[in-house]
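The structure appears right after this line, and notes come after that.
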Amino acid sequence: MADDTVVSLTTLKPGLRVCGLIPGRVATLVSVEPLDEGVAQVAFRDEAGKLAEQYVSEERAAGLTVVSEADAAPRFDGAVNDFRLAAEALRIKYAALYDPMVAVNSSDVEPLPHQIRAVYEDFLPRVPLRQLLADDPGAGRTIMVGLYIKELMLRSDCERALIVAPGGLVEQWREELASKFDLRFEVFSRYMVDDAAGRNVFAEHPYLIARMDQLSRDEDWREQLRDTSWDVVVVDEAHRMSAHYWGQDVKETKRFQLGKLFSETAQNFLLMTATPHAGKEDDFQLFRSLLDADRFEGQYREGVHRTDTAGLMIRRTKEELLTFEGKPLFPERRAYTVAYELSDAEQELYEQVTEYVRTEMGRADRIAAAGDVRRGNNIGFALTTLQRRLASSPEAILRSLERRQARLKDRLKETQRAADHAAVTFAPPYLDYDAPEAAEAAAIQRVIAEPWIAANNEATIKRWAYHHGTQPRKAELTTRIEAETARVRQQVTQRLTSEMNHWDREYNRLAELERLGKPGKIRSETAQAKARERELRLDRRLAELDQATQLVELPAHVRGCALVIPSSILAAGSEANDAEESMPPGETSPTRETEESERRAVEKVMAAERALGRTPEEMDHYNPGYDIRSTDDQGRTFYIEVKGYLKGAREFEITNREVATAQNQGDRHRLALVAVDPDEPARDELRYVTGSLDHLRADLTTTRFMEKWSVRWSRGGEPR
């Protein structure tokens, strides 16, 4: 059916792709059910796979435009740059699928083993999360929370988050989330309430940090919170959300009531405290009921109830926290005081260090006064530590300086590795693909006409996605979820069954007392109702757990496709290629790199680098961004892009990624231009150019640039 064909209700059929049902977007028809001669009920999917239905009249159908027939192959006539932008946007959106620790790699932290295990082995796999993090002080709970929230945000699983903390910790939370994770949270204040002008203030601020008592003491705010859902709620110093038994009655604090509210409104609920247990098991179980009321129903009775924290609590003492080398994070310290006199050399060292500390302290004060208080404090702390090492012994300060030097070298190497990684992985290879040229149209049409391309391959793509993606992922999730669900089922069944039995016994006891005319504190009917209420809760919870294990695979949706044709196939029929091959001898513009000139150019640069005392390493021929990585005796690395062209060349080609690499590396990048003599290698000439590509702008719509050889050559100089 052609685009200009008149569409009617009779021509609408499943599989047809049309424009007009969704403004500005394409929809694929799923079903067409005629209601009478003038209207049909049409079901369709949008480009994201979302299903919808509309009534379509004959008049409405006439306004639709057919994009393609059912089972028709793609036309491959879309805008190349638009596809490139859309594909890159999707790649960034789903980056977490390909980098399982993307939050670590995009944050200013160096997490320890226990922090990585908590986030990536305990928090993220549990959906919904109900967890008590009860590590000893110094374990870095802020880092774990920051990584967890950022990971969820990068996976598009956290659009609303609330952190609740004691008033004195609120600003610290805000600063650390911003500086270490680039997470911009607002601190809840009365000004926000005033600005909301009667609306739900919490609904209008998606990322908030709030003071615990500020929320718990205000009934109006608690009512607004009751009407607000959160993807993540984190409570610091959560042991303050306490409750106690008074006889058989529970006395709930306002903080505890606030915790119960969050337990109902948060998809993921994380409690944090270094002191989870105050010595009373009753209170501890009440506290944990904030995470799962069914598993901790009723007053704890020793011998009847069990204390099982599996799946709900992480508790690691300082002695258990290790570095990546397996050494204690908090080694045992023993302090002794020994008096001694300084030698002349020691006295000189002491005075030099003291002068250094005094000078640098002034710099720290100036940094703090300029507004960077945290950095100034950090410098001051480091200097004070240096002075203490000096007071300990010359050996101590020597070891401190050696460790500092080693850390700086490691940081430099890590920076260089990151730079290498950034240069190599600036963007996927498809961003360097060229758009087709008009002269290549005939060759492209011959390729598109081939049977395997002319067919609709969408079903093949979906089959591959199911067998190699969806099905293995479902099997992995099913195994983990079934194991977790089985444990929860056992715990819930044991607890609620014991409570049902307890209240059934109470019913019998109270009924007997009432028969004897000695009624108890509560009526027997109340005890019986409590037993039945727990029975209903058990049935409801078990049904929910059964449902949690029923995973359903959603179908894959093809968002778009591109045809990538090797240039060698197009070159055979390219008129431009024929014209270039027919150029008379001596005509070298535009001159293309040949295998021989490229080889000679690289060897020329490798020799020059060795002459400079550096150690060059040639990269793979297809390494994007640079051709040679060279390191000097101080550990500094330089990145060299080599361009070898025959003498007389007017222009040379620079790819988008080569531009990005040059600008990322700054003064560590060299553009090496080699003018290759057509007859004698000894007459080859080499010039290094720095900062030569700063004027170019790498983006997603430009794949390569043509630069004038003479201009760049004139700005070059001897290798350095």
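By convention here, the chains of the structure tokens are called A, B, ... in the order presented, each chain's residues are numbered starting at 1, and ligands are numbered starting at 1 in the order presented.
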
I'd like to know which residues of stretch 503-709 of chain A are alpha helix (DSSP H) (by DSSP, run on the backbone); could you write them as JSON, numbers by chain? {"A": [503, 504, 505, 506, 507, 508, 509, 510, 511, 512, 513, 514, 515, 524, 525, 526, 527, 528, 529, 530, 531, 532, 533, 534, 535, 536, 537, 538, 539, 540, 541, 542, 543, 544, 545, 546, 547, 548, 567, 568, 569, 570, 571, 575, 576, 577, 578, 579, 580, 581, 595, 596, 597, 598, 599, 600, 601, 602, 603, 604, 605, 606, 607, 608, 609, 610, 611, 656, 657, 658, 659, 660, 661, 662, 663, 664, 665, 709]}

Selection: 7 Å around A:Leu646, only C-alpha atoms, excl. self and same-chain fewer than 4 positions, as a PDB file with all heavy atoms, in the first residue's frame:
ATOM      1  N   SER A 597      52.369   4.089   3.261  1.00  0.00           N
ATOM      2  CA  SER A 597      52.647   5.390   3.871  1.00  0.00           C
ATOM      3  C   SER A 597      52.257   5.398   5.343  1.00  0.00           C
ATOM      4  O   SER A 597      52.937   6.002   6.172  1.00  0.00           O
ATOM      5  CB  SER A 597      51.907   6.491   3.107  1.00  0.00           C
ATOM      6  OG  SER A 597      50.503   6.304   3.187  1.00  0.00           O
ATOM      7  N   ALA A 675      55.013  13.660   6.430  1.00  0.00           N
ATOM      8  CA  ALA A 675      54.987  13.864   4.982  1.00  0.00           C
ATOM      9  C   ALA A 675      55.836  12.759   4.360  1.00  0.00           C
ATOM     10  O   ALA A 675      57.064  12.742   4.476  1.00  0.00           O
ATOM     11  CB  ALA A 675      55.519  15.240   4.623  1.00  0.00           C
ATOM     12  N   VAL A 676      55.181  11.813   3.715  1.00  0.00           N
ATOM     13  CA  VAL A 676      55.844  10.621   3.189  1.00  0.00           C
ATOM     14  C   VAL A 676      56.368  10.898   1.776  1.00  0.00           C
ATOM     15  O   VAL A 676      55.610  11.307   0.891  1.00  0.00           O
ATOM     16  CB  VAL A 676      54.866   9.429   3.183  1.00  0.00           C
ATOM     17  CG1 VAL A 676      55.543   8.188   2.593  1.00  0.00           C
ATOM     18  CG2 VAL A 676      54.365   9.148   4.590  1.00  0.00           C
ATOM     19  N   ASP A 677      57.665  10.685   1.608  1.00  0.00           N
ATOM     20  CA  ASP A 677      58.270  10.860   0.284  1.00  0.00           C
ATOM     21  C   ASP A 677      57.890   9.676  -0.600  1.00  0.00           C
ATOM     22  O   ASP A 677      57.993   8.519  -0.176  1.00  0.00           O
ATOM     23  CB  ASP A 677      59.798  10.947   0.414  1.00  0.00           C
ATOM     24  CG  ASP A 677      60.444  11.351  -0.887  1.00  0.00           C
ATOM     25  OD1 ASP A 677      60.656  10.456  -1.739  1.00  0.00           O
ATOM     26  OD2 ASP A 677      60.728  12.544  -1.052  1.00  0.00           O
ATOM     27  N   PRO A 678      57.447   9.921  -1.827  1.00  0.00           N
ATOM     28  CA  PRO A 678      56.984   8.808  -2.675  1.00  0.00           C
ATOM     29  C   PRO A 678      58.097   7.854  -3.088  1.00  0.00           C
ATOM     30  O   PRO A 678      57.813   6.714  -3.470  1.00  0.00           O
ATOM     31  CB  PRO A 678      56.374   9.522  -3.882  1.00  0.00           C
ATOM     32  CG  PRO A 678      57.028  10.854  -3.912  1.00  0.00           C
ATOM     33  CD  PRO A 678      57.275  11.232  -2.486  1.00  0.00           C
TER      34      PRO A 678
END

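With only C-alpha atoms as the atoms that count, the residue of A:Lys50, A:Arg473, A:Arg84, A:Arg255 with the shortest distance to A:Tyr433 is A:Arg84.
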
May I ask which of the residues A:Leu542, A:Ala454, A:Val304, A:Ile314 is the closest one to A:His502, counting only C-alpha atoms?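 Going through A:Leu542, A:Ala454, A:Val304, A:Ile314 one by one, the smallest distance to A:His502 is for A:Val304.
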
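Of the residues under consideration (A:Glu223, A:Glu204, A:Asp632, A:Glu395), A:Glu204 shows the shortest atom-to-atom contact distance to A:Arg160 when counting only C-alpha atoms.
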
Could you find all residues in stretch 19-198 of chain A that DSSP calls strand (DSSP E) from the backbone, and write them as a VMD selection string? chain A and resid 19 to 22 25 to 36 39 to 45 51 to 57 65 to 68 130 to 133 161 to 165 186 to 187

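Summary of the local environment: counting only C-alpha atoms, residues at most 9 Å from A:Leu270, other than itself and those fewer than 6 positions away along its chain, are A:Phe123, A:Leu129, A:Arg130, A:Gln131, A:Leu132, A:Leu133, A:Val145, A:Val232, A:Val233, A:Val234, A:Val235, A:Asp236, A:Leu291.
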
Selection from above, all heavy atoms, as a compact mmCIF listing (two decimals), in the first residue's frame, can you write it?
# COMPACT_ATOMS: atom_id res chain seq x y z
N PHE A 123 21.38 -5.23 48.49
CA PHE A 123 20.33 -4.24 48.26
C PHE A 123 19.66 -4.41 46.89
O PHE A 123 18.45 -4.61 46.80
CB PHE A 123 20.90 -2.82 48.36
CG PHE A 123 21.39 -2.44 49.73
CD1 PHE A 123 22.06 -1.25 49.93
CD2 PHE A 123 21.19 -3.26 50.82
CE1 PHE A 123 22.52 -0.88 51.18
CE2 PHE A 123 21.64 -2.91 52.08
CZ PHE A 123 22.32 -1.71 52.25
N LEU A 129 13.02 -3.79 48.45
CA LEU A 129 14.02 -3.92 49.51
C LEU A 129 13.39 -3.60 50.86
O LEU A 129 12.72 -2.60 51.03
CB LEU A 129 15.18 -2.96 49.25
CG LEU A 129 16.25 -2.90 50.34
CD1 LEU A 129 17.05 -4.20 50.37
CD2 LEU A 129 17.17 -1.71 50.13
N ARG A 130 13.62 -4.49 51.81
CA ARG A 130 13.30 -4.26 53.22
C ARG A 130 14.52 -4.71 54.00
O ARG A 130 14.76 -5.89 54.18
CB ARG A 130 12.06 -5.06 53.65
CG ARG A 130 10.75 -4.58 53.05
CD ARG A 130 10.37 -3.21 53.64
NE ARG A 130 9.08 -2.72 53.19
CZ ARG A 130 8.86 -2.05 52.09
NH1 ARG A 130 9.87 -1.81 51.27
NH2 ARG A 130 7.66 -1.61 51.76
N GLN A 131 15.32 -3.74 54.48
CA GLN A 131 16.62 -4.11 55.03
C GLN A 131 17.00 -3.20 56.19
O GLN A 131 16.69 -2.00 56.19
CB GLN A 131 17.69 -4.00 53.94
CG GLN A 131 19.02 -4.63 54.27
CD GLN A 131 19.00 -6.13 54.13
OE1 GLN A 131 18.63 -6.83 55.06
NE2 GLN A 131 19.37 -6.63 52.96
N LEU A 132 17.68 -3.80 57.18
CA LEU A 132 18.28 -3.07 58.29
C LEU A 132 19.78 -3.17 58.15
O LEU A 132 20.35 -4.27 58.22
CB LEU A 132 17.83 -3.66 59.63
CG LEU A 132 18.55 -3.15 60.89
CD1 LEU A 132 18.37 -1.65 61.06
CD2 LEU A 132 18.08 -3.90 62.13
N LEU A 133 20.44 -2.04 57.92
CA LEU A 133 21.89 -1.99 57.81
C LEU A 133 22.43 -1.56 59.17
O LEU A 133 22.24 -0.42 59.59
CB LEU A 133 22.31 -1.01 56.72
CG LEU A 133 23.82 -0.84 56.49
CD1 LEU A 133 24.46 -2.17 56.10
CD2 LEU A 133 24.08 0.21 55.42
N VAL A 145 24.52 4.04 50.73
CA VAL A 145 23.24 4.62 50.34
C VAL A 145 23.38 5.40 49.03
O VAL A 145 22.54 5.29 48.13
CB VAL A 145 22.69 5.53 51.45
CG1 VAL A 145 21.49 6.33 50.96
CG2 VAL A 145 22.29 4.70 52.66
N VAL A 232 12.28 5.11 47.13
CA VAL A 232 13.25 4.75 48.17
C VAL A 232 13.05 5.66 49.37
O VAL A 232 12.93 6.88 49.21
CB VAL A 232 14.71 4.90 47.67
CG1 VAL A 232 15.69 4.56 48.80
CG2 VAL A 232 14.97 4.02 46.47
N VAL A 233 13.01 5.06 50.56
CA VAL A 233 13.07 5.81 51.81
C VAL A 233 14.21 5.23 52.64
O VAL A 233 14.27 4.01 52.86
CB VAL A 233 11.76 5.75 52.61
CG1 VAL A 233 11.95 6.36 54.00
CG2 VAL A 233 10.66 6.50 51.88
N VAL A 234 15.13 6.08 53.07
CA VAL A 234 16.25 5.68 53.92
C VAL A 234 16.14 6.43 55.23
O VAL A 234 15.92 7.65 55.25
CB VAL A 234 17.60 6.01 53.24
CG1 VAL A 234 18.76 5.65 54.16
CG2 VAL A 234 17.73 5.29 51.90
N VAL A 235 16.28 5.71 56.35
CA VAL A 235 16.22 6.33 57.67
C VAL A 235 17.55 6.11 58.36
O VAL A 235 17.96 4.96 58.60
CB VAL A 235 15.08 5.74 58.53
CG1 VAL A 235 15.07 6.41 59.90
CG2 VAL A 235 13.74 5.93 57.83
N ASP A 236 18.26 7.18 58.67
CA ASP A 236 19.52 7.11 59.41
C ASP A 236 19.24 7.23 60.91
O ASP A 236 18.28 7.90 61.32
CB ASP A 236 20.45 8.23 58.95
CG ASP A 236 21.90 8.00 59.39
OD1 ASP A 236 22.20 6.89 59.90
OD2 ASP A 236 22.73 8.91 59.23
N LEU A 291 9.98 -3.42 59.12
CA LEU A 291 10.37 -3.99 57.83
C LEU A 291 9.40 -5.06 57.36
O LEU A 291 9.17 -5.21 56.16
CB LEU A 291 11.79 -4.57 57.92
CG LEU A 291 12.89 -3.57 58.27
CD1 LEU A 291 14.21 -4.30 58.48
CD2 LEU A 291 13.04 -2.52 57.17
